[in-house]
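Written below as structure tokens is the structure these notes are about.
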Amino acid sequence: MPHSHPILLFDGVCNLCNSFVQFMLTRDPEGIFQFASLQSEEGRALLVAHNLDPEGMDTVVLIENGQAYTHSDVPLRVAPRLAGFWGWVSIFKYMPRSWRDAIYRWVAANRYRWFGKQESCMMPRPEWKERFL
């Protein structure tokens, strides 16, 4: 399943994840990134193709150049490529991954309680529809 663009897999019912995707879409005018929900057929197939369990995902996943990135590595790879001054996020790469991932997992474990959950995956705006697999 080769893809020419990096693909972000996200929890389609999570309000925090949906907000992150919309944040990325508005700051990625060149259309570098494509998106798929973890719950979609395409998302599940990409997880399986990268030896990730589609039933146990509690993180966004970035698929890029045949490699899957998870947890805190995702924002560190995405932010510098967004319009604006988001490159500053890269300073967190100097923090030990175990610390970054512990913070990430804590937020992920509480995301539904803090930010809520939708009944179904979001529908993209018409101008973004082609960016979703």
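Identifiers in the structure tokens: chain A, B, ... in order shown; residue index from 1 per chain; ligand index from 1 in order shown.
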Please, which residues in region 20-62 of chain A fall within 7 Å of region 69-83 of chain A when counting only C-alpha atoms, and what is the closest atom pair and distance in Å to one decimal for each, ordered by chain then residue number, as a tab-separated table?
residue	atom	partner	partner_atom	distance
A:Arg27	CA	A:Ala83	CA	5.0
A:Asp28	CA	A:Leu82	CA	5.5
A:Thr59	CA	A:His71	CA	5.6
A:Val60	CA	A:Thr70	CA	6.1
A:Val61	CA	A:Thr70	CA	4.8
A:Leu62	CA	A:Tyr69	CA	5.0
Can those selected residues be exported to a file as an mmCIF file, in the first residue's frame so that it contains C-alpha atoms?
data_model
loop_
_atom_site.group_PDB
_atom_site.id
_atom_site.type_symbol
_atom_site.label_atom_id
_atom_site.label_comp_id
_atom_site.auth_asym_id
_atom_site.auth_seq_id
_atom_site.Cartn_x
_atom_site.Cartn_y
_atom_site.Cartn_z
ATOM 1 C CA ARG A 27 -1.996 24.772 8.806
ATOM 2 C CA ASP A 28 -1.166 22.432 5.923
ATOM 3 C CA THR A 59 -2.457 6.853 19.870
ATOM 4 C CA VAL A 60 -2.389 8.709 16.611
ATOM 5 C CA VAL A 61 -0.178 6.979 14.060
ATOM 6 C CA LEU A 62 1.857 8.641 11.343
#
Could you find all residues in region 31-72 of chain A that DSSP calls alpha helix (DSSP H) from the backbone, and write them as a PyMOL selection string? chain A and resi 41-49
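Considering the residues A:Leu52, A:Val107, A:Cys14, A:Ala36 and counting only C-alpha atoms, Ala68 (chain A) has its shortest atom-to-atom contact with A:Leu52.
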Which residues, written as a ChimeraX atom specification, have at least one atom at most 12 Å from Asn15 (chain A), with only C-alpha atoms counted and residues fewer than 5 positions away on the same chain left out? /A:10,20-22,108,110-122
Could you write out the selected residues, including C-alpha atoms, as a compact mmCIF listing (two decimals), in the first residue's frame?
# COMPACT_ATOMS: atom_id res chain seq x y z
CA PHE A 10 -6.53 9.18 14.28
CA PHE A 20 -5.83 17.97 16.14
CA VAL A 21 -6.74 16.91 12.58
CA GLN A 22 -8.61 20.16 11.95
CA ALA A 108 -4.59 9.66 25.76
CA ASN A 110 -8.05 10.72 29.80
CA ARG A 111 -8.97 12.19 26.40
CA TYR A 112 -12.61 11.07 26.39
CA ARG A 113 -13.18 12.28 29.94
CA TRP A 114 -11.53 15.67 29.36
CA PHE A 115 -12.54 16.42 25.76
CA GLY A 116 -15.51 14.17 25.07
CA LYS A 117 -16.39 11.67 22.42
CA GLN A 118 -18.61 11.69 19.33
CA GLU A 119 -21.06 8.96 18.37
CA SER A 120 -19.48 8.59 14.93
CA CYS A 121 -16.40 9.69 13.00
CA MET A 122 -16.30 13.29 11.80
Å distance separating CA of Glu42 (chain A) from CA of Phe132 (chain A), one decimal place: 9.9 Å
